[in-house]
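Visitor: data-v1.cif is reproduced in full below (mmCIF, C-alpha atoms).
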```cif
data_target
loop_
_atom_site.label_atom_id
_atom_site.label_comp_id
_atom_site.auth_asym_id
_atom_site.auth_seq_id
_atom_site.Cartn_x
_atom_site.Cartn_y
_atom_site.Cartn_z
CA MET A 66 107.16 -26.57 -28.23
CA THR A 67 105.70 -23.10 -27.73
CA THR A 68 104.91 -21.03 -30.79
CA SER A 69 103.79 -17.44 -31.03
CA ALA A 70 100.73 -16.76 -33.12
CA ILE A 71 101.17 -14.93 -36.41
CA ALA A 72 98.40 -12.55 -37.42
CA PRO A 73 96.38 -14.31 -40.15
CA VAL A 74 95.75 -12.81 -43.56
CA SER A 75 92.03 -12.48 -44.16
CA GLY A 76 90.62 -15.85 -45.17
CA VAL A 77 93.93 -17.70 -44.60
CA ARG A 78 94.63 -19.79 -41.53
CA PRO A 79 97.67 -18.82 -39.44
CA ILE A 80 101.01 -20.35 -40.32
CA LEU A 81 102.63 -22.39 -37.53
CA ALA A 82 99.38 -23.58 -36.11
CA ASP A 83 99.78 -26.77 -34.07
CA ALA A 84 99.69 -29.05 -37.14
CA ASP A 85 102.29 -26.93 -38.93
CA ALA A 86 104.56 -26.86 -35.90
CA ALA A 87 104.40 -30.66 -35.71
CA PHE A 88 105.25 -30.90 -39.42
CA VAL A 89 108.24 -28.58 -39.03
CA ASP A 90 109.45 -30.55 -35.98
CA ASP A 91 109.21 -33.81 -37.94
CA PHE A 92 110.95 -32.35 -40.99
CA LEU A 93 113.84 -31.03 -38.93
CA GLN A 94 114.09 -34.25 -36.95
CA GLN A 95 114.34 -36.33 -40.13
CA SER A 96 117.02 -33.95 -41.40
CA VAL A 97 118.97 -34.26 -38.15
CA VAL A 98 118.71 -38.06 -38.19
CA ALA A 99 119.95 -38.29 -41.79
CA MET A 100 122.83 -35.88 -41.22
CA ALA A 101 123.85 -37.72 -38.05
CA ALA A 102 123.83 -41.00 -39.97
CA PHE A 103 126.04 -39.37 -42.61
CA ARG A 104 128.38 -37.99 -39.95
CA ASP A 105 128.63 -41.31 -38.12
CA GLY A 106 128.63 -43.56 -41.19
CA THR A 107 132.23 -44.57 -41.71
CA ALA A 108 131.42 -46.34 -44.96
CA LEU A 109 129.65 -43.27 -46.36
CA ARG A 110 132.54 -41.00 -45.50
CA GLU A 111 135.08 -43.40 -46.97
CA ARG A 112 132.99 -43.69 -50.15
CA LEU A 113 132.83 -39.91 -50.49
CA SER A 114 136.59 -39.64 -49.92
CA ALA A 115 137.17 -42.25 -52.62
CA MET A 116 134.95 -40.27 -54.99
CA ALA A 117 136.95 -37.12 -54.31
CA ALA A 118 140.18 -39.01 -55.03
CA ARG A 119 138.84 -40.21 -58.40
CA VAL A 120 137.72 -36.70 -59.36
CA ALA A 121 141.04 -35.18 -58.26
CA GLU A 122 142.99 -37.77 -60.23
CA ALA A 123 140.96 -37.07 -63.37
CA LEU A 124 141.29 -33.31 -63.09
CA GLN A 125 145.01 -33.59 -62.40
CA ASP A 126 145.33 -35.57 -65.65
CA GLY A 127 143.56 -32.84 -67.64
CA ARG A 128 140.16 -34.54 -67.65
CA LYS A 129 136.85 -33.05 -66.54
CA LEU A 130 133.83 -33.68 -64.32
CA LEU A 131 130.38 -33.94 -65.94
CA VAL A 132 127.31 -33.73 -63.69
CA ALA A 133 123.59 -34.28 -64.34
CA GLY A 134 120.29 -34.69 -62.52
CA ASN A 135 116.59 -33.85 -62.83
CA GLY A 136 114.53 -31.20 -61.05
CA GLY A 137 116.16 -30.31 -57.75
CA SER A 138 119.02 -32.59 -58.69
CA ALA A 139 119.51 -30.55 -61.88
CA ALA A 140 119.94 -27.50 -59.68
CA ASP A 141 122.41 -29.48 -57.58
CA ALA A 142 124.35 -30.44 -60.73
CA GLN A 143 124.69 -26.77 -61.68
CA HIS A 144 125.55 -25.83 -58.11
CA ILE A 145 128.31 -28.46 -57.94
CA ALA A 146 129.80 -27.54 -61.32
CA GLY A 147 129.80 -23.89 -60.29
CA GLU A 148 131.73 -24.65 -57.11
CA PHE A 149 134.43 -26.37 -59.17
CA THR A 150 134.80 -23.73 -61.88
CA SER A 151 134.58 -20.80 -59.45
CA ARG A 152 135.70 -21.59 -55.90
CA LEU A 153 134.35 -23.08 -52.68
CA MET A 154 136.47 -22.49 -49.59
CA TYR A 155 139.14 -20.13 -50.89
CA ASP A 156 140.55 -18.54 -54.04
CA ARG A 157 142.30 -20.97 -56.40
CA ARG A 158 142.50 -21.91 -60.07
CA PRO A 159 139.28 -23.04 -61.79
CA LEU A 160 138.66 -26.78 -61.99
CA ALA A 161 137.06 -28.33 -65.08
CA ALA A 162 133.42 -29.22 -64.42
CA LEU A 163 130.31 -29.02 -66.59
CA ALA A 164 126.62 -29.45 -65.74
CA LEU A 165 124.73 -31.24 -68.53
CA THR A 166 121.49 -29.55 -67.45
CA THR A 167 122.05 -25.99 -68.66
CA ASP A 168 122.04 -25.97 -72.48
CA THR A 169 118.34 -25.52 -73.27
CA SER A 170 118.85 -25.76 -77.03
CA GLY A 171 120.77 -29.01 -76.68
CA LEU A 172 118.38 -30.47 -74.12
CA THR A 173 115.27 -29.66 -76.14
CA ALA A 174 116.81 -30.78 -79.44
CA ILE A 175 117.88 -34.13 -78.00
CA GLY A 176 114.59 -34.54 -76.13
CA ASN A 177 112.58 -33.76 -79.26
CA ASP A 178 114.64 -35.87 -81.66
CA TYR A 179 115.66 -38.81 -79.48
CA GLY A 180 113.46 -38.71 -76.36
CA PHE A 181 113.95 -37.33 -72.87
CA GLN A 182 115.72 -40.48 -71.74
CA GLU A 183 118.64 -39.55 -74.01
CA VAL A 184 119.16 -35.91 -72.96
CA PHE A 185 122.26 -36.67 -70.87
CA ALA A 186 123.53 -39.83 -72.57
CA ARG A 187 123.89 -38.12 -75.93
CA GLN A 188 125.80 -35.21 -74.38
CA ILE A 189 128.15 -37.67 -72.72
CA ARG A 190 128.79 -39.41 -76.03
CA GLY A 191 129.60 -36.06 -77.61
CA LEU A 192 131.49 -34.35 -74.80
CA GLY A 193 132.88 -37.14 -72.65
CA ARG A 194 136.33 -38.60 -73.13
CA PRO A 195 137.97 -41.66 -71.56
CA GLY A 196 139.19 -40.76 -68.10
CA ASP A 197 136.56 -38.05 -67.53
CA VAL A 198 134.23 -38.47 -64.56
CA PHE A 199 130.43 -38.51 -64.76
CA LEU A 200 128.42 -37.88 -61.59
CA GLY A 201 124.76 -38.85 -61.98
CA ILE A 202 122.33 -37.61 -59.33
CA SER A 203 118.97 -39.31 -58.75
CA THR A 204 117.17 -39.26 -55.42
CA SER A 205 115.17 -42.36 -56.40
CA GLY A 206 118.09 -44.05 -58.12
CA ARG A 207 115.72 -44.94 -60.96
CA SER A 208 115.72 -41.87 -63.25
CA PRO A 209 115.80 -43.35 -66.79
CA ASN A 210 117.88 -40.54 -68.29
CA ILE A 211 120.48 -40.86 -65.51
CA LEU A 212 120.65 -44.64 -65.93
CA ARG A 213 121.08 -44.19 -69.71
CA ALA A 214 123.78 -41.59 -69.06
CA LEU A 215 125.64 -43.96 -66.74
CA ASP A 216 125.51 -46.65 -69.44
CA ALA A 217 126.89 -44.18 -72.00
CA ALA A 218 129.63 -43.11 -69.60
CA ARG A 219 130.72 -46.69 -68.97
CA GLU A 220 130.74 -47.39 -72.71
CA GLY A 221 132.90 -44.30 -73.25
CA GLY A 222 135.48 -45.17 -70.62
CA LEU A 223 134.41 -42.53 -68.09
CA VAL A 224 134.57 -43.03 -64.33
CA THR A 225 130.97 -43.34 -63.09
CA LEU A 226 129.89 -41.85 -59.77
CA GLY A 227 126.36 -41.73 -58.37
CA PHE A 228 124.43 -39.83 -55.71
CA CYS A 229 121.12 -41.43 -54.73
CA GLY A 230 118.93 -42.23 -51.74
CA ALA A 231 118.72 -45.37 -49.66
CA SER A 232 118.36 -48.69 -51.50
CA ALA A 233 118.89 -47.48 -55.06
CA ALA A 234 119.79 -50.83 -56.58
CA ASP A 235 119.44 -49.62 -60.19
CA MET A 236 122.55 -47.44 -59.78
CA ALA A 237 124.64 -50.21 -58.22
CA GLY A 238 126.75 -50.45 -61.39
CA CYS A 239 128.47 -47.14 -60.64
CA ASP A 240 132.18 -47.31 -59.92
CA LEU A 241 131.37 -45.52 -56.66
CA LEU A 242 127.90 -44.82 -55.24
CA PHE A 243 126.96 -42.48 -52.40
CA GLU A 244 123.57 -43.46 -50.90
CA ALA A 245 122.10 -40.72 -48.71
CA PRO A 246 120.72 -42.32 -45.54
CA SER A 247 117.09 -41.38 -46.15
CA ALA A 248 114.18 -42.45 -48.34
CA TRP A 249 112.54 -38.98 -48.38
CA THR A 250 113.41 -36.81 -51.37
CA PRO A 251 113.76 -33.42 -49.59
CA VAL A 252 116.12 -34.89 -47.00
CA ILE A 253 118.07 -36.85 -49.63
CA GLN A 254 118.62 -33.58 -51.48
CA GLN A 255 119.89 -31.90 -48.32
CA VAL A 256 122.40 -34.70 -47.78
CA HIS A 257 123.42 -34.61 -51.44
CA ILE A 258 124.38 -30.94 -51.48
CA THR A 259 126.27 -31.37 -48.20
CA ALA A 260 128.11 -34.35 -49.68
CA ALA A 261 128.81 -32.38 -52.85
CA HIS A 262 130.32 -29.52 -50.87
CA ILE A 263 132.56 -31.96 -49.02
CA LEU A 264 133.57 -33.68 -52.27
CA CYS A 265 134.46 -30.35 -53.89
CA ALA A 266 136.33 -29.17 -50.78
CA LEU A 267 138.40 -32.38 -50.67
CA VAL A 268 139.31 -32.00 -54.34
CA GLU A 269 140.11 -28.33 -53.79
CA ARG A 270 142.38 -29.15 -50.85
CA THR A 271 144.13 -31.87 -52.84
CA LEU A 272 144.74 -30.02 -56.10
CA CYS A 273 144.92 -26.42 -54.87
CA PRO A 274 146.23 -26.38 -51.30
CA ARG A 275 146.48 -22.98 -49.65
#
```
Please re-express this file's structure in structure tokens.

Guide:
Amino acid sequence: MTTSAIAPVSGVRPILADADAAFVDDFLQQSVVAMAAFRDGTALRERLSAMAARVAEALQDGRKLLVAGNGGSAADAQHIAGEFTSRLMYDRRPLAALALTTDTSGLTAIGNDYGFQEVFARQIRGLGRPGDVFLGISTSGRSPNILRALDAAREGGLVTLGFCGASAADMAGCDLLFEAPSAWTPVIQQVHITAAHILCALVERTLCPR
């Protein structure tokens, strides 16, 4: 791979030196491999389609989608909820979705009074209703507050969906689990948001056809 040199800032080595170029190549290659595995993985695609069907069924029945995650996955939760309540592919009616990561007063009150492991579970107990859907996102599959939230969702009669990385056995109790075909957090997150866009688009096409 040939790279053109970028003029260095005084005292700072040039970006895209040989070591950087190799890192970028490896990063992109791992992304390509994971996305190709997603594209070619019949089981993954069928699992995602089944998730979309469960969400569509719940929304059609007047229920809602609750979504939560930590860090980058918190941003994904907000991103996903926004696609449902606004629009994704075309103009249509809003669909009921709520990210449990956005209410700073609620999050800090629960975290302070009950511990950070309860920040999502307690919201689910208060906001969730039987027949709602909870989507928990954890790249490791081991986030304690997501696992607690999944337990609370099951206890409350919610449908439980999970997004995780490869070999996330702790989330195996989900009704449906999408395991991104990678063990590297940045690549898992890339697959997750792609999967989330597909999930939302399938629901959109089902409930609000053009």

Visitor: Can you list, as a PyMOL selection string, every protein, DNA or RNA residue that comes within 10 Å of region 228-242 of chain A when you count only C-alpha atoms, leaving out same-chain residues fewer than 3 positions away?

Guide: chain A and resi 109+112-113+115-116+119+134+138+199-209+211-212+215-216+218-219+223-225+245-250+252-254+256-258+260-261

Visitor: In Å to one decimal, how far is CA of Gly227 (chain A) from CA of Ile145 (chain A)?

Guide: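 One can read the CA of Ile145 (chain A) to CA of Gly227 (chain A) distance as 13.4 Å.
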
Visitor: Expand the PyMOL selection byres ((chain A and resi 123) around 12) into the explicit residue set it covers here, and present it as a list in words.

Guide: Met116, Ala117, Ala118, Arg119, Val120, Ala121, Glu122, Leu124, Gln125, Asp126, Gly127, Arg128, Lys129, Leu130, Leu131, Leu160, Ala161, Ala162, Arg194, Pro195, Gly196, Asp197, Val198, Phe199, Leu223, Val224, Thr225, Val268 and Leu272 of chain A

Visitor: One decimal, Å: what's the distance from CA of Ser96 (chain A) over to CA of Asn210 (chain A), could you say?

Guide: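 Computing it gives 27.7 Å between the two atoms.
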
Visitor: On this file, the PyMOL selection byres ((chain A and resi 168-185) around 6) gives some set of residues; write that set as a PyMOL selection string.

Guide: chain A and resi 167+186-188+209-210+214

Visitor: Quick one: pull the distance between CA of Ala139 (chain A) and CA of Ala102 (chain A), Å, one decimal.

Guide: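 Rounded to one decimal, the two atoms are 24.7 Å apart.
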
Visitor: Of the residues A:Arg152, A:Gly222, A:Thr166, A:Asp105, which is the one nearest to Arg190 (chain A), using all atoms listed in the file?

Guide: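 Nearest to Arg190 (chain A): A:Gly222.
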
Visitor: Around region 153-171 of chain A, with edges along x, y and z and 5 Å added on all six sides, what centre and edge lengths do you get, in Å to one decimal, as lines of an AutoDock Vina configuration file?

Guide:
```
center_x = 130.4
center_y = -24.9
center_z = -63.3
size_x = 34.2
size_y = 22.7
size_z = 37.4
```

Visitor: For Ile263 (chain A), which residue among A:Ile189, A:Ala133, A:Ala217, A:Leu153 is the nearest when counting all atoms listed in the file?

Guide: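 With all atoms listed in the file as the atom set, the closest residue is A:Leu153.
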
Visitor: Which one is closest to Pro274 (chain A): A:Pro251, A:Gly193, A:Asn135, A:Arg157? Count all atoms listed in the file.

Guide: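 Closest candidate: A:Arg157.
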
Visitor: Could you model N, CA and C atoms for region 122-148 of chain A and present them as a short mmCIF file (atom, residue, chain, number, x, y, z; two decimals), in the frame of the given file?

Guide:
```cif
data_model
loop_
_atom_site.label_atom_id
_atom_site.label_comp_id
_atom_site.auth_asym_id
_atom_site.auth_seq_id
_atom_site.Cartn_x
_atom_site.Cartn_y
_atom_site.Cartn_z
N GLU A 122 142.08 -37.10 -59.31
CA GLU A 122 142.99 -37.77 -60.23
C GLU A 122 142.67 -37.41 -61.67
N ALA A 123 141.36 -37.40 -62.00
CA ALA A 123 140.96 -37.07 -63.37
C ALA A 123 141.30 -35.63 -63.71
N LEU A 124 141.00 -34.71 -62.82
CA LEU A 124 141.29 -33.31 -63.09
C LEU A 124 142.79 -33.06 -63.18
N GLN A 125 143.55 -33.72 -62.36
CA GLN A 125 145.01 -33.59 -62.40
C GLN A 125 145.56 -34.05 -63.75
N ASP A 126 144.89 -35.03 -64.36
CA ASP A 126 145.33 -35.57 -65.65
C ASP A 126 144.74 -34.80 -66.83
N GLY A 127 144.12 -33.65 -66.56
CA GLY A 127 143.56 -32.84 -67.64
C GLY A 127 142.20 -33.27 -68.11
N ARG A 128 141.52 -34.10 -67.33
CA ARG A 128 140.16 -34.54 -67.65
C ARG A 128 139.16 -33.59 -67.00
N LYS A 129 137.88 -33.94 -67.07
CA LYS A 129 136.85 -33.05 -66.54
C LYS A 129 135.77 -33.85 -65.83
N LEU A 130 134.97 -33.11 -65.05
CA LEU A 130 133.83 -33.68 -64.32
C LEU A 130 132.55 -33.25 -65.02
N LEU A 131 131.70 -34.20 -65.38
CA LEU A 131 130.38 -33.94 -65.94
C LEU A 131 129.34 -34.32 -64.89
N VAL A 132 128.30 -33.50 -64.74
CA VAL A 132 127.31 -33.73 -63.69
C VAL A 132 125.91 -33.56 -64.27
N ALA A 133 124.96 -34.41 -63.86
CA ALA A 133 123.59 -34.28 -64.34
C ALA A 133 122.60 -34.80 -63.31
N GLY A 134 121.40 -34.26 -63.37
CA GLY A 134 120.29 -34.69 -62.52
C GLY A 134 119.01 -34.04 -63.03
N ASN A 135 117.89 -34.38 -62.43
CA ASN A 135 116.59 -33.85 -62.83
C ASN A 135 115.97 -33.02 -61.70
N GLY A 136 115.24 -31.98 -62.06
CA GLY A 136 114.53 -31.20 -61.05
C GLY A 136 115.48 -30.57 -60.06
N GLY A 137 115.25 -30.82 -58.77
CA GLY A 137 116.16 -30.31 -57.75
C GLY A 137 117.57 -30.82 -57.93
N SER A 138 117.69 -32.03 -58.44
CA SER A 138 119.02 -32.59 -58.69
C SER A 138 119.71 -31.91 -59.88
N ALA A 139 118.92 -31.36 -60.81
CA ALA A 139 119.51 -30.55 -61.88
C ALA A 139 120.12 -29.29 -61.29
N ALA A 140 119.40 -28.68 -60.36
CA ALA A 140 119.94 -27.50 -59.68
C ALA A 140 121.20 -27.86 -58.91
N ASP A 141 121.21 -29.02 -58.28
CA ASP A 141 122.41 -29.48 -57.58
C ASP A 141 123.58 -29.68 -58.55
N ALA A 142 123.29 -30.23 -59.73
CA ALA A 142 124.35 -30.44 -60.73
C ALA A 142 124.99 -29.12 -61.10
N GLN A 143 124.16 -28.09 -61.33
CA GLN A 143 124.69 -26.77 -61.68
C GLN A 143 125.45 -26.16 -60.51
N HIS A 144 124.91 -26.33 -59.32
CA HIS A 144 125.55 -25.83 -58.11
C HIS A 144 126.96 -26.44 -57.96
N ILE A 145 127.03 -27.76 -58.11
CA ILE A 145 128.31 -28.46 -57.94
C ILE A 145 129.32 -28.00 -58.99
N ALA A 146 128.89 -27.96 -60.26
CA ALA A 146 129.80 -27.54 -61.32
C ALA A 146 130.30 -26.12 -61.07
N GLY A 147 129.42 -25.26 -60.59
CA GLY A 147 129.80 -23.89 -60.29
C GLY A 147 130.84 -23.80 -59.19
N GLU A 148 130.74 -24.66 -58.19
CA GLU A 148 131.73 -24.65 -57.11
C GLU A 148 133.11 -25.04 -57.63
#
```
